[in-house]
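With compact mmCIF, C-alpha atoms inside, this is entry.txt:
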# COMPACT_ATOMS: atom_id res chain seq x y z
CA MET A 1 -44.81 52.89 -44.27
CA ALA A 2 -42.96 49.90 -42.60
CA THR A 3 -41.15 47.41 -44.82
CA LEU A 4 -41.58 43.70 -43.97
CA SER A 5 -38.93 41.03 -44.54
CA PRO A 6 -39.78 38.65 -47.38
CA LEU A 7 -41.22 35.41 -46.07
CA THR A 8 -41.10 31.92 -47.53
CA PRO A 9 -43.49 29.15 -46.61
CA ASP A 10 -41.94 26.38 -44.49
CA VAL A 11 -43.92 23.32 -45.40
CA ALA A 12 -42.23 21.02 -42.87
CA GLN A 13 -42.91 23.35 -39.93
CA GLY A 14 -46.25 24.68 -41.13
CA ARG A 15 -45.25 28.30 -40.56
CA LEU A 16 -43.57 31.21 -42.30
CA THR A 17 -39.82 31.80 -41.90
CA PRO A 18 -37.60 34.63 -43.08
CA ALA A 19 -36.10 34.18 -46.51
CA VAL A 20 -32.45 33.17 -46.77
CA GLY A 21 -31.49 36.44 -48.38
CA SER A 22 -32.86 38.65 -45.60
CA GLY A 23 -29.27 39.55 -44.61
CA ARG A 24 -29.89 39.64 -40.85
CA SER A 25 -29.61 36.02 -39.70
CA TRP A 26 -26.11 35.07 -40.88
CA PRO A 27 -24.13 36.81 -38.08
CA ARG A 28 -26.17 34.95 -35.48
CA ALA A 29 -25.68 31.66 -37.33
CA ALA A 30 -21.92 32.25 -37.47
CA LEU A 31 -21.80 33.03 -33.75
CA ALA A 32 -23.85 29.91 -33.02
CA ARG A 33 -21.28 27.81 -34.89
CA LEU A 34 -18.43 29.37 -32.88
CA ALA A 35 -20.19 28.95 -29.53
CA PRO A 36 -18.68 25.47 -28.84
CA LEU A 37 -15.22 27.03 -28.92
CA ALA A 38 -16.06 28.83 -25.68
CA TRP A 39 -16.30 25.39 -24.03
CA LEU A 40 -13.51 23.67 -25.96
CA GLY A 41 -11.13 26.64 -25.84
CA PRO A 42 -9.76 26.14 -22.29
CA ALA A 43 -9.21 22.42 -22.87
CA LEU A 44 -7.46 23.07 -26.20
CA VAL A 45 -5.23 25.72 -24.61
CA LEU A 46 -4.36 23.34 -21.77
CA ILE A 47 -3.49 20.54 -24.21
CA GLY A 48 -1.40 22.93 -26.27
CA VAL A 49 0.55 24.25 -23.28
CA VAL A 50 0.94 21.00 -21.32
CA VAL A 51 1.27 18.44 -24.15
CA VAL A 52 2.02 19.93 -27.55
CA TRP A 53 4.46 22.67 -26.54
CA PRO A 54 6.74 20.40 -24.43
CA VAL A 55 6.90 17.92 -27.33
CA VAL A 56 7.91 20.74 -29.70
CA VAL A 57 10.61 21.94 -27.27
CA MET A 58 11.82 18.36 -26.76
CA VAL A 59 12.22 17.75 -30.50
CA GLN A 60 13.86 21.15 -30.98
CA SER A 61 16.32 20.48 -28.13
CA SER A 62 17.30 17.15 -29.65
CA PHE A 63 18.82 19.03 -32.62
CA GLN A 64 20.76 21.50 -30.49
CA HIS A 65 24.09 21.38 -28.72
CA ILE A 66 23.22 21.78 -25.03
CA GLY A 67 25.79 21.00 -22.37
CA GLY A 68 25.18 19.60 -18.93
CA GLU A 69 24.89 23.15 -17.55
CA GLY A 70 21.91 23.83 -19.82
CA PHE A 71 23.53 26.45 -22.07
CA VAL A 72 22.57 26.27 -25.75
CA ALA A 73 25.69 26.36 -27.95
CA GLY A 74 23.81 26.32 -31.25
CA TYR A 75 22.33 23.98 -33.81
CA ASN A 76 23.82 20.49 -33.74
CA GLY A 77 22.04 18.76 -36.61
CA THR A 78 21.63 15.02 -36.19
CA HIS A 79 24.85 14.65 -34.18
CA ASN A 80 22.94 13.94 -30.94
CA TYR A 81 21.09 11.05 -32.57
CA ARG A 82 24.21 9.65 -34.22
CA HIS A 83 26.13 9.81 -30.96
CA LEU A 84 23.20 8.23 -29.09
CA PHE A 85 22.99 5.30 -31.53
CA ARG A 86 26.74 4.69 -31.04
CA GLU A 87 26.40 4.45 -27.25
CA PRO A 88 27.45 0.91 -26.20
CA ASP A 89 24.46 0.47 -23.85
CA PHE A 90 21.77 1.94 -26.11
CA VAL A 91 20.46 -1.29 -27.67
CA SER A 92 20.51 -3.27 -24.41
CA VAL A 93 18.62 -0.47 -22.65
CA LEU A 94 15.90 -0.47 -25.33
CA VAL A 95 15.55 -4.26 -25.19
CA ARG A 96 15.35 -4.16 -21.40
CA THR A 97 12.73 -1.41 -21.58
CA VAL A 98 10.48 -3.47 -23.86
CA LEU A 99 10.97 -6.52 -21.63
CA TRP A 100 10.16 -4.42 -18.55
CA VAL A 101 6.94 -3.02 -20.03
CA VAL A 102 5.66 -6.30 -21.49
CA ALA A 103 6.41 -8.40 -18.38
CA VAL A 104 4.96 -5.95 -15.87
CA VAL A 105 1.81 -5.19 -17.89
CA VAL A 106 1.07 -8.85 -18.71
CA VAL A 107 1.51 -10.02 -15.10
CA THR A 108 -0.50 -7.06 -13.81
CA MET A 109 -3.39 -7.73 -16.17
CA LEU A 110 -3.51 -11.46 -15.34
CA LEU A 111 -3.47 -10.87 -11.59
CA ALA A 112 -5.99 -8.02 -11.89
CA LEU A 113 -8.42 -10.26 -13.79
CA GLY A 114 -8.33 -12.73 -10.92
CA LEU A 115 -8.61 -10.08 -8.19
CA ALA A 116 -11.46 -8.30 -9.97
CA GLN A 117 -13.35 -11.58 -10.25
CA LEU A 118 -12.73 -12.21 -6.55
CA PHE A 119 -13.91 -8.76 -5.44
CA HIS A 120 -16.95 -9.11 -7.67
CA GLN A 121 -18.16 -11.99 -5.48
CA ARG A 122 -19.93 -11.50 -2.16
CA PHE A 123 -17.93 -12.54 0.91
CA PRO A 124 -17.52 -11.26 4.47
CA GLY A 125 -15.17 -8.28 4.65
CA ARG A 126 -15.35 -7.54 0.94
CA ARG A 127 -15.66 -3.79 1.53
CA VAL A 128 -12.60 -3.73 3.81
CA ALA A 129 -10.62 -5.77 1.27
CA ARG A 130 -11.54 -3.33 -1.47
CA TRP A 131 -10.41 -0.41 0.68
CA ALA A 132 -7.13 -2.16 1.49
CA LEU A 133 -6.45 -2.67 -2.21
CA ILE A 134 -6.32 1.10 -2.72
CA VAL A 135 -3.34 1.55 -0.35
CA PRO A 136 -0.51 0.67 -2.80
CA TRP A 137 -2.08 2.98 -5.38
CA ALA A 138 -2.67 5.86 -2.95
CA ALA A 139 0.86 5.72 -1.52
CA SER A 140 3.75 7.50 -3.19
CA VAL A 141 5.50 5.25 -5.72
CA MET A 142 8.89 6.51 -4.57
CA MET A 143 8.00 5.78 -0.94
CA THR A 144 6.85 2.27 -1.88
CA ALA A 145 10.09 1.61 -3.77
CA LEU A 146 12.11 2.89 -0.82
CA ILE A 147 10.25 0.59 1.60
CA PHE A 148 10.96 -2.42 -0.64
CA ARG A 149 14.62 -1.43 -0.84
CA TRP A 150 14.81 -1.41 2.96
CA ALA A 151 12.92 -4.71 3.11
CA LEU A 152 15.52 -6.24 0.78
CA ASP A 153 18.48 -5.05 2.87
CA PRO A 154 20.95 -7.98 2.97
CA ASN A 155 21.61 -7.64 6.72
CA ASN A 156 18.26 -6.93 8.38
CA GLY A 157 15.63 -6.50 5.68
CA VAL A 158 12.21 -7.94 6.51
CA ILE A 159 12.04 -9.97 3.29
CA ASN A 160 15.53 -11.40 3.81
CA LEU A 161 14.74 -12.26 7.43
CA PHE A 162 11.67 -14.19 6.29
CA LEU A 163 13.60 -15.95 3.51
CA HIS A 164 16.32 -16.82 6.00
CA GLN A 165 13.77 -18.37 8.40
CA ILE A 166 12.30 -20.61 5.69
CA GLY A 167 15.75 -21.61 4.46
CA VAL A 168 15.89 -19.81 1.10
CA VAL A 169 18.67 -17.43 2.21
CA LYS A 170 21.41 -19.39 3.98
CA LYS A 171 23.20 -16.46 5.61
CA LEU A 172 22.20 -12.84 6.18
CA GLY A 173 24.63 -10.27 4.82
CA SER A 174 25.93 -12.70 2.21
CA HIS A 175 26.07 -12.21 -1.52
CA GLN A 176 22.97 -14.39 -1.82
CA ALA A 177 20.99 -11.96 0.37
CA TYR A 178 22.07 -8.95 -1.71
CA TRP A 179 19.23 -9.24 -4.22
CA LEU A 180 19.58 -5.73 -5.64
CA GLY A 181 23.28 -6.22 -6.33
CA GLU A 182 22.65 -8.93 -8.92
CA PRO A 183 21.13 -7.38 -12.11
CA SER A 184 18.89 -10.33 -13.01
CA HIS A 185 17.52 -10.64 -9.47
CA ALA A 186 17.18 -6.88 -9.08
CA LEU A 187 15.15 -6.61 -12.29
CA VAL A 188 12.75 -9.30 -11.09
CA TRP A 189 12.25 -7.59 -7.72
CA MET A 190 11.66 -4.21 -9.37
CA MET A 191 9.13 -5.80 -11.70
CA ALA A 192 7.37 -7.21 -8.64
CA VAL A 193 7.19 -3.72 -7.12
CA ALA A 194 5.88 -2.28 -10.40
CA VAL A 195 3.16 -4.96 -10.47
CA PHE A 196 2.36 -4.23 -6.81
CA VAL A 197 1.71 -0.51 -7.44
CA SER A 198 -0.13 -1.14 -10.74
CA LEU A 199 -2.58 -3.75 -9.44
CA PRO A 200 -5.08 -1.47 -7.62
CA PHE A 201 -6.00 0.74 -10.58
CA THR A 202 -6.08 -2.19 -13.00
CA THR A 203 -8.25 -4.27 -10.68
CA TYR A 204 -10.75 -1.46 -10.19
CA ALA A 205 -10.87 -0.74 -13.92
CA ILE A 206 -11.72 -4.38 -14.68
CA LEU A 207 -14.09 -4.57 -11.68
CA SER A 208 -16.07 -1.63 -13.05
CA GLY A 209 -16.38 -3.55 -16.33
CA LEU A 210 -17.58 -6.65 -14.49
CA GLN A 211 -20.23 -4.68 -12.63
CA GLY A 212 -21.51 -3.34 -15.95
CA ILE A 213 -22.33 -6.79 -17.32
CA PRO A 214 -26.06 -7.53 -16.85
CA ASP A 215 -27.04 -10.66 -14.93
CA ASP A 216 -29.50 -11.48 -17.72
CA VAL A 217 -26.57 -12.39 -19.97
CA TYR A 218 -25.37 -15.08 -17.57
CA GLU A 219 -28.92 -16.37 -17.03
CA ALA A 220 -29.39 -16.75 -20.77
CA ALA A 221 -26.01 -18.48 -21.04
CA SER A 222 -26.87 -20.93 -18.24
CA ILE A 223 -30.06 -21.88 -20.05
CA ASP A 224 -27.91 -22.70 -23.09
CA GLY A 225 -25.70 -24.87 -20.89
CA SER A 226 -22.72 -22.48 -20.56
CA THR A 227 -21.29 -22.46 -17.03
CA GLY A 228 -18.01 -21.98 -15.17
CA LEU A 229 -14.89 -21.52 -17.30
CA SER A 230 -16.81 -21.66 -20.57
CA SER A 231 -19.04 -18.80 -19.46
CA TYR A 232 -16.03 -16.74 -18.38
CA LEU A 233 -14.12 -17.28 -21.63
CA HIS A 234 -17.01 -16.76 -24.04
CA ILE A 235 -19.10 -14.16 -22.20
CA THR A 236 -17.17 -12.33 -19.49
CA LEU A 237 -13.86 -11.77 -21.28
CA PRO A 238 -15.40 -10.52 -24.56
CA LEU A 239 -17.61 -8.07 -22.64
CA LEU A 240 -14.58 -6.93 -20.61
CA ARG A 241 -12.50 -6.07 -23.69
CA PRO A 242 -13.19 -2.29 -23.56
CA ALA A 243 -12.14 -2.14 -19.89
CA ILE A 244 -9.10 -4.34 -20.55
CA ILE A 245 -8.01 -2.15 -23.47
CA VAL A 246 -8.21 1.04 -21.41
CA ALA A 247 -6.43 -0.52 -18.41
CA THR A 248 -3.68 -1.96 -20.60
CA LEU A 249 -3.00 1.33 -22.39
CA ILE A 250 -2.76 3.29 -19.14
CA ASN A 251 -0.51 0.62 -17.67
CA VAL A 252 1.79 0.67 -20.68
CA ILE A 253 2.25 4.43 -20.37
CA ASN A 254 2.71 4.34 -16.59
CA VAL A 255 5.08 1.36 -16.53
CA PHE A 256 7.14 2.75 -19.40
CA ASN A 257 7.75 5.86 -17.30
CA SER A 258 8.34 4.02 -13.99
CA PHE A 259 11.27 6.22 -13.02
CA PRO A 260 10.87 6.24 -9.19
CA ILE A 261 10.94 2.44 -8.76
CA ILE A 262 14.20 1.85 -10.61
CA TRP A 263 15.84 5.04 -9.40
CA GLU A 264 15.16 4.36 -5.72
CA MET A 265 16.02 0.68 -5.78
CA THR A 266 19.15 0.42 -7.98
CA ARG A 267 19.75 3.79 -9.70
CA GLY A 268 19.88 1.68 -12.87
CA GLY A 269 23.08 -0.03 -11.77
CA PRO A 270 25.38 -1.74 -11.61
CA GLY A 271 26.42 0.21 -14.68
CA TYR A 272 23.32 0.35 -16.87
CA GLN A 273 22.38 -3.29 -16.34
CA THR A 274 19.02 -2.49 -14.70
CA SER A 275 18.36 0.77 -16.54
CA THR A 276 15.34 1.39 -18.73
CA SER A 277 15.23 4.16 -21.31
CA THR A 278 13.86 6.68 -18.79
CA ILE A 279 16.73 6.13 -16.34
CA TYR A 280 19.22 6.17 -19.24
CA MET A 281 17.79 9.49 -20.39
CA VAL A 282 18.29 11.04 -16.94
CA ASP A 283 21.88 9.78 -16.79
CA LEU A 284 22.64 11.25 -20.21
CA LYS A 285 21.24 14.59 -19.07
CA GLN A 286 24.11 15.01 -16.60
CA GLY A 287 26.59 15.46 -19.44
CA ASN A 288 24.68 16.24 -22.63
CA VAL A 289 21.16 17.66 -22.51
CA GLY A 290 20.86 17.52 -26.31
CA GLU A 291 21.58 13.79 -26.39
CA SER A 292 19.18 13.29 -23.48
CA ALA A 293 16.51 15.12 -25.50
CA ALA A 294 17.20 12.79 -28.43
CA MET A 295 16.65 9.86 -26.05
CA SER A 296 13.38 11.49 -24.97
CA VAL A 297 12.24 11.60 -28.59
CA ILE A 298 13.09 7.89 -28.94
CA ASN A 299 11.10 7.17 -25.76
CA PHE A 300 8.12 9.14 -27.05
CA GLY A 301 8.21 7.34 -30.39
CA LEU A 302 8.55 3.95 -28.69
CA VAL A 303 5.47 4.57 -26.53
CA ILE A 304 3.45 5.67 -29.56
CA LEU A 305 4.61 2.59 -31.48
CA ILE A 306 3.64 0.19 -28.66
CA VAL A 307 0.23 1.84 -28.29
CA VAL A 308 -0.46 1.77 -32.04
CA ILE A 309 0.54 -1.91 -32.31
CA TYR A 310 -1.64 -2.80 -29.34
CA LEU A 311 -4.66 -0.88 -30.65
CA SER A 312 -4.33 -2.37 -34.12
CA THR A 313 -4.12 -5.93 -32.78
CA THR A 314 -7.06 -5.51 -30.38
CA ARG A 315 -9.34 -3.84 -32.97
CA TRP A 316 -10.22 -1.16 -30.41
CA LYS A 317 -12.43 0.78 -32.86
CA GLU A 318 -14.86 -2.12 -33.02
CA GLN A 319 -15.11 -2.15 -29.22
CA VAL A 320 -15.78 1.59 -29.09
CA ASP A 321 -18.42 1.42 -31.82
CA ARG A 322 -20.29 -1.24 -29.85
Written form, structure tokens:
Amino acid sequence: MATLSPLTPDVAQGRLTPAVGSGRSWPRAALARLAPLAWLGPALVLIGVVVVWPVVVMVQSSFQHIGGEGFVAGYNGTHNYRHLFREPDFVSVLVRTVLWVVAVVVVTMLLALGLAQLFHQRFPGRRVARWALIVPWAASVMMTALIFRWALDPNNGVINLFLHQIGVVKKLGSHQAYWLGEPSHALVWMMAVAVFVSLPFTTYAILSGLQGIPDDVYEAASIDGSTGLSSYLHITLPLLRPAIIVATLINVINVFNSFPIIWEMTRGGPGYQTSTSTIYMVDLKQGNVGESAAMSVINFGLVILIVVIYLSTTRWKEQVDR
């Protein structure tokens, strides 16, 4: 005679379901709970291999004695950090790095807000202009930096020829025309190149936010008497905050690691007067990989600190919850 599983009435469903103690359903329930891992597993493995593991190796290397040839001579304690903090250019490099990131990101965001507003309007040739904006972003950053270095050549650079024609540069080949030889001038020109290559992505990120704002919002605001600058400040900018937050964070990370621009244009010189922490780290690697790894840890911590400060001041969680 067949034995039936005990049944319990399910009032909510209006049918009978197997009792909890039947002993047959729990393996399926456990497998159902583990099913998402089949989808998350590859992503978690990728993050572990590409992100977490290099960070672990970086931190581990910063406590080891590793020469310029790459041979590990053993545990070095905190000597790499102590030696790094005693480097005469360490503080100035960190200050210059913060100045570099803040200046480039702020100028990029301000210009991108204007460009996004422009490309959001209808005008003849708008599609071509949008396509043209992609070019600096699509091109290699190192190639762009190299082109600007040639354009700033003191003898026959295109930029210097133009400045000479309008009277800004008195004589080609002079010290005045050697922009990249003067640290303060070189830093400004490199910032301009960094803004140039950062503008396309930032503009498109903000433009996508603009296109997501319903026209009904502006119609309701116009009925209430809000127009022009008032409408932009009190309606457009608040609704753009999520897009601005994302664009700013990505720019901070990208600009902080703008190695090709500085390396191609000045190599961080003269001395370390145009170096940021990334260039300084590469220079240290030539003689002491362990100290360079310690600088990498400082860089990593500085990026995390800047991001955390920015997120805390912009109250990003409130924007996401909306």
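Checking A:Leu40, A:Ala243, A:Ile262, A:Leu94 one by one against Ala186 (chain A), counting only C-alpha atoms, you find the shortest gap at A:Ile262.
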So that each row is one residue of region 201-315 of chain A with an atom at most 12 Å from region 109-132 of chain A, can you give its shortest atom pair and the distance in Å to one decimal, using only C-alpha atoms, rows by chain and rising number, as JSON lines?
{"residue": "A:Phe201", "atom": "CA", "partner": "A:Ala112", "partner_atom": "CA", "distance": 8.9}
{"residue": "A:Thr202", "atom": "CA", "partner": "A:Ala112", "partner_atom": "CA", "distance": 5.9}
{"residue": "A:Thr203", "atom": "CA", "partner": "A:Ala112", "partner_atom": "CA", "distance": 4.5}
{"residue": "A:Tyr204", "atom": "CA", "partner": "A:Ala116", "partner_atom": "CA", "distance": 6.9}
{"residue": "A:Ala205", "atom": "CA", "partner": "A:Ala116", "partner_atom": "CA", "distance": 8.6}
{"residue": "A:Ile206", "atom": "CA", "partner": "A:Ala116", "partner_atom": "CA", "distance": 6.1}
{"residue": "A:Leu207", "atom": "CA", "partner": "A:Ala116", "partner_atom": "CA", "distance": 4.9}
{"residue": "A:Ser208", "atom": "CA", "partner": "A:Ala116", "partner_atom": "CA", "distance": 8.7}
{"residue": "A:Gly209", "atom": "CA", "partner": "A:Ala116", "partner_atom": "CA", "distance": 9.3}
{"residue": "A:Leu210", "atom": "CA", "partner": "A:His120", "partner_atom": "CA", "distance": 7.3}
{"residue": "A:Gln211", "atom": "CA", "partner": "A:His120", "partner_atom": "CA", "distance": 7.4}
{"residue": "A:Gly212", "atom": "CA", "partner": "A:His120", "partner_atom": "CA", "distance": 11.1}
{"residue": "A:Ile213", "atom": "CA", "partner": "A:His120", "partner_atom": "CA", "distance": 11.3}
{"residue": "A:Tyr232", "atom": "CA", "partner": "A:Gln117", "partner_atom": "CA", "distance": 10.0}
{"residue": "A:Leu233", "atom": "CA", "partner": "A:Leu113", "partner_atom": "CA", "distance": 12.0}
{"residue": "A:Thr236", "atom": "CA", "partner": "A:Gln117", "partner_atom": "CA", "distance": 10.0}
{"residue": "A:Leu237", "atom": "CA", "partner": "A:Leu113", "partner_atom": "CA", "distance": 9.4}
{"residue": "A:Leu240", "atom": "CA", "partner": "A:Leu113", "partner_atom": "CA", "distance": 9.8}
{"residue": "A:Arg241", "atom": "CA", "partner": "A:Leu113", "partner_atom": "CA", "distance": 11.5}
{"residue": "A:Ala243", "atom": "CA", "partner": "A:Leu113", "partner_atom": "CA", "distance": 10.8}
{"residue": "A:Ile244", "atom": "CA", "partner": "A:Met109", "partner_atom": "CA", "distance": 8.0}
{"residue": "A:Ile245", "atom": "CA", "partner": "A:Met109", "partner_atom": "CA", "distance": 10.3}
{"residue": "A:Val246", "atom": "CA", "partner": "A:Met109", "partner_atom": "CA", "distance": 11.3}
{"residue": "A:Ala247", "atom": "CA", "partner": "A:Met109", "partner_atom": "CA", "distance": 8.1}
{"residue": "A:Thr248", "atom": "CA", "partner": "A:Met109", "partner_atom": "CA", "distance": 7.3}
{"residue": "A:Leu249", "atom": "CA", "partner": "A:Met109", "partner_atom": "CA", "distance": 11.0}
{"residue": "A:Ile250", "atom": "CA", "partner": "A:Met109", "partner_atom": "CA", "distance": 11.4}
{"residue": "A:Asn251", "atom": "CA", "partner": "A:Met109", "partner_atom": "CA", "distance": 9.0}
{"residue": "A:Val252", "atom": "CA", "partner": "A:Met109", "partner_atom": "CA", "distance": 10.9}
* To do: Would you kindly return, as JSON, numbers by chain, each protein, DNA or RNA residue with an atom no farther than 12 Å from any atom of Ala194 (chain A), considering all atoms listed in the file and excluding same-chain residues fewer than 2 positions away?
  => {"A": [100, 101, 102, 103, 104, 105, 106, 107, 108, 136, 137, 141, 142, 144, 145, 148, 187, 188, 189, 190, 191, 192, 196, 197, 198, 199, 200, 251, 252, 254, 255, 256, 257, 258, 259, 260, 261, 262, 265]}
I need the residues from that last selection saved to file as an mmCIF file, keeping the file's coordinate frame (with C-alpha atoms), if you can.
data_model
loop_
_atom_site.group_PDB
_atom_site.id
_atom_site.type_symbol
_atom_site.label_atom_id
_atom_site.label_comp_id
_atom_site.auth_asym_id
_atom_site.auth_seq_id
_atom_site.Cartn_x
_atom_site.Cartn_y
_atom_site.Cartn_z
ATOM 1 C CA TRP A 100 10.160 -4.420 -18.550
ATOM 2 C CA VAL A 101 6.940 -3.020 -20.030
ATOM 3 C CA VAL A 102 5.660 -6.300 -21.490
ATOM 4 C CA ALA A 103 6.410 -8.400 -18.380
ATOM 5 C CA VAL A 104 4.960 -5.950 -15.870
ATOM 6 C CA VAL A 105 1.810 -5.190 -17.890
ATOM 7 C CA VAL A 106 1.070 -8.850 -18.710
ATOM 8 C CA VAL A 107 1.510 -10.020 -15.100
ATOM 9 C CA THR A 108 -0.500 -7.060 -13.810
ATOM 10 C CA PRO A 136 -0.510 0.670 -2.800
ATOM 11 C CA TRP A 137 -2.080 2.980 -5.380
ATOM 12 C CA VAL A 141 5.500 5.250 -5.720
ATOM 13 C CA MET A 142 8.890 6.510 -4.570
ATOM 14 C CA THR A 144 6.850 2.270 -1.880
ATOM 15 C CA ALA A 145 10.090 1.610 -3.770
ATOM 16 C CA PHE A 148 10.960 -2.420 -0.640
ATOM 17 C CA LEU A 187 15.150 -6.610 -12.290
ATOM 18 C CA VAL A 188 12.750 -9.300 -11.090
ATOM 19 C CA TRP A 189 12.250 -7.590 -7.720
ATOM 20 C CA MET A 190 11.660 -4.210 -9.370
ATOM 21 C CA MET A 191 9.130 -5.800 -11.700
ATOM 22 C CA ALA A 192 7.370 -7.210 -8.640
ATOM 23 C CA PHE A 196 2.360 -4.230 -6.810
ATOM 24 C CA VAL A 197 1.710 -0.510 -7.440
ATOM 25 C CA SER A 198 -0.130 -1.140 -10.740
ATOM 26 C CA LEU A 199 -2.580 -3.750 -9.440
ATOM 27 C CA PRO A 200 -5.080 -1.470 -7.620
ATOM 28 C CA ASN A 251 -0.510 0.620 -17.670
ATOM 29 C CA VAL A 252 1.790 0.670 -20.680
ATOM 30 C CA ASN A 254 2.710 4.340 -16.590
ATOM 31 C CA VAL A 255 5.080 1.360 -16.530
ATOM 32 C CA PHE A 256 7.140 2.750 -19.400
ATOM 33 C CA ASN A 257 7.750 5.860 -17.300
ATOM 34 C CA SER A 258 8.340 4.020 -13.990
ATOM 35 C CA PHE A 259 11.270 6.220 -13.020
ATOM 36 C CA PRO A 260 10.870 6.240 -9.190
ATOM 37 C CA ILE A 261 10.940 2.440 -8.760
ATOM 38 C CA ILE A 262 14.200 1.850 -10.610
ATOM 39 C CA MET A 265 16.020 0.680 -5.780
#
* Asked: Could you work out how far CA of Asn160 (chain A) lies from CA of Gln176 (chain A), giving the answer in Å with one decimal?
  -> 9.8 Å
* To do: Quick one: everything within 9 Å of region 52-66 of chain A, counting only C-alpha atoms, minus sequence neighbours fewer than 5 positions away in the same chain. Send it as a list in words.
  =>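 Those residues are Ile47, Phe71, Val72, Ala73, Gly74, Tyr75, Asn76, Gly77, Thr78, His79, Asn80, Tyr81, Asn288, Val289, Gly290, Glu291, Ser292, Ala293, Ala294, Met295, Ser296, Val297 and Phe300 of chain A.
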* Gap from CA of Asp89 (chain A) to CA of Glu182 (chain A) - Å, one decimal ->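 Taking CA of Asp89 (chain A) and CA of Glu182 (chain A), their separation equals 17.7 Å.
The residue that comes closest to Arg149 (chain A), out of A:Gly167, A:Gly67, A:Gly181, A:Pro27 and on the basis of all atoms listed in the file, is A:Gly181.
Put simply, CA of Thr313 (chain A) is 25.5 Å away from CA of Val93 (chain A).
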* Would you mind telling me which residue in A:Val193, A:Ser222, A:Val282, A:Leu99 lies nearest to Met143 (chain A) when using all atoms listed in the file? =>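 Under the stated criterion, the closest residue is A:Val193.
With only C-alpha atoms as the basis for measurement, A:Ile279 is the residue among A:Leu37, A:Val45, A:Ile279, A:Val307 that approaches Arg96 (chain A) most closely.
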